[in-house]
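Right, one structure below, let's go through it.
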Amino acid sequence: MNGIKLQLKNTSAFYLKKLLYNPLTYIIVLCFITFTDIYFFLGQKFFTEFGSTSMNLFFTGFPYSYIIIVPALCSLIFLNREEYDFPVRTMIIPFAKVLAVSTVLTADLLLTVPVPVAVSFFGNVETVNVIISYLGMILFLFAISSLNVFITTLCSGQGSAYAFGTLLLAFVNSAHLLAMYFNLPEIISALVKSISFAWHFDSFGKGIISTRELIFFLTVSAMFIFASYFVMEKRRGRKNRMFSIYVILTALIFVFIFIDSSALEFKIDATKEKRFSLSSYSRELIKEIDEPFSITYYRSGSLKQLYPQVNDVRDFLELYKSCSRKIKLEVIDPSKDEAVANKINSYGIYSEQLETSGRDKTSFTNVYSAIVLEYLDKMEIIPFVLDTSSLEYSITSRMNVMLRNAQKKIQVVFANSLSENDYSYVIPWLESNGFYVTRTYLPSQNRMLSFENFTEPLAVIGTSKFTAEDTEALETFILSGKKAFIATSSYEIDLTDDWSAVYSNDKVQRLLSSWDIVLDKSITADFSNYVLTMVSNSKTDGSAAESKTQSVNYPMWISLQKQDNAPNGMISFWPSSIKCSFENNGYRIEPVLMTTENAWNVTEEEGYLNTNPFTVSKIPAEKSLCSRKTVAVNAKGSLPGFYNTGKGTDCDVTVFADQYAFTTLMLSYPAGTNGDFRAFDFLTDRMLEMSGNHELISIKNKNYVSNSRFRRKRHWLSRKSNNEG
């Protein structure tokens, strides 16, 4: 045994020196580092506003660079006739070559570590994910090195070995993409994915250690090392019957290991928030299932070609199934059976139209991707899902209703100068998050359906229409121990015209002032703000002109940074800072949303408040005016009466000094046609808190990992001089 180890050590050292003494090795190493850096920093426009700190984007470039790199390195230690005469066991030679090539590639890989280190200065980088990605890439390198050593053993010349190795690596690294461009049968689609090295690396890139992928890479590595050994033995003239039996048995062993690896699968989710595992809350809830529970995933077969990430949806559903024998999971393609399609249409599930773009045309495809949960006589539906970002929350919150009858009931009232159509997404968004929403009204508008007649938590959007009677009813509602979320603003903004601002100290705001929650007579601005792109196609006289665009930082549209109650940040439109004393007699006020420390208040000048994005000052008059501002607070405890005598008990009210963050019009600015729903997530979280579903908040937000690139702070004087210039 010691002799074999010594042979392996000496032979590996021989091939390693051969690589290190060749100048082409260093050129190859340099090419790899250059390619991966350019692919990450320039390919995904890292230094623009669209740049991301997600290191998954960094590692996805590695397999494609190895298509050229690995065959080139292996060709430098091409199998010569002299090697057949080496005084070592035949198996030692291919194994030593793989070790030598893998050592060089691993050293090359470690030279890329400064990239994630540098990126961490620009945003959030999950260290554990990076470490697991590197470990997975080392296994990946060992496997493709074994493959290319086999090719160099099999081929008769260096050129043919390099060409064949490059083509084969290009295929095995991209095989999983075939399903995106061709409508393959299920068994063929599964096969091409199973042979894709890049597809098997994907789990490591997500921060998951999977025994299935571990077995795959180790099995593939051993298989090609043995294949190289058999080729060399055959060329040495060993052709007896026993040798053939060994070849067949070895091949069968690898095939069975490969097939059974899925049955032996065990995953360790190493992500910080355990994004690819079920939470303890979900697992405890599943234990309460005492009758058959059905999960049916209705998914069009063509959807896998359009959105490969829907495969993760099934994998995640398998997690629920694995927690209880009473859970049955079934995947059905409605496009193959008209009766099934009609059945789910009766449930209210309809196909969604997705756009697909080709080289010469754009087409639209109707697809299904819905989940139906059934338990006893209860049914819950998730009408459309494409990924797992909020899947656990969607399923667990509905299971909570089915198993515990814990319905999340809330009510919503719109009470400013805007119409309900201007808030067209509010109720559908809340309903899509599992709330049973009642649209209520002010007592002065509809006494029968006024919010005072319901006990559910109340969301008040806008307050300018509140009369004294309505405000008294709101106070009575809150003091009686019922919970409320109030979105209001110091200024009414003309959204459809010139964004002019009119001060509005309405009756609800005066009620809040009696609780020491005072909205400042100003609009808060911040250096952390949205870059507004304005388009003009007319001249100053109104005549038509060539369309022009101009981008400006608009400090009145604040970009709230990631914080406890906004885990992915959000945009706030023309908010006002809230002045309050956080310690009061009998109740406590706590900040909920805060700006950065570089915020200031813009006040009126001669009765006019400038909101023009082109002329409003981008900086305060003095740095001393900057400080962290509060734009949302929560008050709990015994609030005093203003219209009523005495005090309330167990009051709970959240005040958000922005009534425009939930408008349909504002959604179109931060994220184009897709909208920016982070403010809606904030509303959802507050309503979950008020409806007693605290555990669901952490489940809902555990997938929020901000990968946006933030700008480094610059010196105040430098920033000021740039703005003045």
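Chain labels run A, B, ... following the order of the structure tokens; each chain numbers its residues from 1, and ligands are numbered from 1 in the order shown.
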
Mind checking which residues fall within 12 Å of A:Asn693, counting only C-alpha atoms, ignoring those fewer than 3 positions away in the same chain, and posting them as a list in words?
Tyr281, Tyr393, Thr396, Ser397, Asn400, Val401, Ala406, Gln407, Lys408, Lys409, Gly434, Phe435, Thr684, Asp685, Arg686, Met687, Leu688, Glu689, Met690, Leu696, Ile697, Ser698, Ile699 and Lys700 of chain A

- Message: I need the alpha helix (DSSP H) residues of stretch 282-528 of chain A per DSSP on the backbone, written as a PyMOL selection string.
- Response: chain A and resi 282-286+303-306+310-323+338-346+391-404+426-432+468-479+507-514

Give the strand (DSSP E) residues of stretch 310-501 of chain A, as DSSP finds them on the backbone, and put them as a count of residues only. 55

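Near A:Phe140, within 7 Å and counting only C-alpha atoms, sit Gly136, Ile144 and Phe217 of chain A; same-chain residues fewer than 4 positions away were not included.
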
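Taking atom CA of A:Met570 as the reference point, atom CA of A:Ala459 is found at 18.9 Å.
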
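Atom CA of A:Thr438 is found 28.0 Å from atom CA of A:Lys647.
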
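Excluding A:Asp526 itself and any same-chain residue fewer than 5 positions from it, the protein and nucleic acid residues within 6 Å of it, counting only C-alpha atoms, are Pro555, Ile558, Asn598 and Ala599 of chain A.
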
Polymer residues at most 9 Å from A:Gly569, only C-alpha atoms, same-chain spacing of 4 or more positions, as a PDB file with N, CA and C atoms, in the first residue's frame:
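Done, and the output landed in result.pdb:
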```pdb
ATOM      1  N   SER A 559     -35.036  56.128  -1.390  1.00  0.00           N
ATOM      2  CA  SER A 559     -34.738  54.699  -1.453  1.00  0.00           C
ATOM      3  C   SER A 559     -34.361  54.244  -0.047  1.00  0.00           C
ATOM      4  N   LEU A 560     -35.334  53.669   0.644  1.00  0.00           N
ATOM      5  CA  LEU A 560     -35.088  53.182   1.996  1.00  0.00           C
ATOM      6  C   LEU A 560     -34.213  51.941   1.923  1.00  0.00           C
ATOM      7  N   GLN A 561     -33.148  51.932   2.696  1.00  0.00           N
ATOM      8  CA  GLN A 561     -32.210  50.821   2.662  1.00  0.00           C
ATOM      9  C   GLN A 561     -32.778  49.603   3.398  1.00  0.00           C
ATOM     10  N   LYS A 562     -32.150  48.465   3.174  1.00  0.00           N
ATOM     11  CA  LYS A 562     -32.552  47.227   3.824  1.00  0.00           C
ATOM     12  C   LYS A 562     -32.542  47.401   5.343  1.00  0.00           C
ATOM     13  N   GLN A 563     -33.634  47.040   5.992  1.00  0.00           N
ATOM     14  CA  GLN A 563     -33.760  47.142   7.445  1.00  0.00           C
ATOM     15  C   GLN A 563     -34.763  46.102   7.919  1.00  0.00           C
ATOM     16  N   ASN A 565     -37.794  45.973   9.028  1.00  0.00           N
ATOM     17  CA  ASN A 565     -39.167  45.987   8.536  1.00  0.00           C
ATOM     18  C   ASN A 565     -39.268  46.220   7.032  1.00  0.00           C
ATOM     19  N   ARG A 678     -42.237  46.318  -3.346  1.00  0.00           N
ATOM     20  CA  ARG A 678     -41.626  46.199  -2.024  1.00  0.00           C
ATOM     21  C   ARG A 678     -42.437  46.940  -0.966  1.00  0.00           C
ATOM     22  N   ALA A 679     -43.078  48.048  -1.341  1.00  0.00           N
ATOM     23  CA  ALA A 679     -43.947  48.748  -0.389  1.00  0.00           C
ATOM     24  C   ALA A 679     -45.144  47.880  -0.026  1.00  0.00           C
ATOM     25  N   SER A 706     -30.778  40.912  -0.499  1.00  0.00           N
ATOM     26  CA  SER A 706     -30.513  42.044  -1.373  1.00  0.00           C
ATOM     27  C   SER A 706     -29.156  41.871  -2.042  1.00  0.00           C
TER      28      SER A 706
END
```

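By chain and then residue number, the residues within 12 Å of A:Phe86 are Gln7, Leu8, Asn10, Thr11, Phe14, Leu79, Asn80, Ile92 and Ile93 of chain A, counting only C-alpha atoms and disregarding those fewer than 6 positions away in sequence.
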
Long-range neighbours of A:Leu57 as a PyMOL selection string, 9 Å cut-off, only C-alpha atoms, 5 positions minimum in chain = chain A and resi 39-40+44+52

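Going from atom CA of A:Tyr26 over to atom CA of A:Ser75, you cover 14.3 Å.
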
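Remark: for A:Lys206, the closest of the candidate residues A:Leu99, A:Glu606, A:Asn703, A:Thr496 is A:Asn703 (distances computed over only C-alpha atoms).
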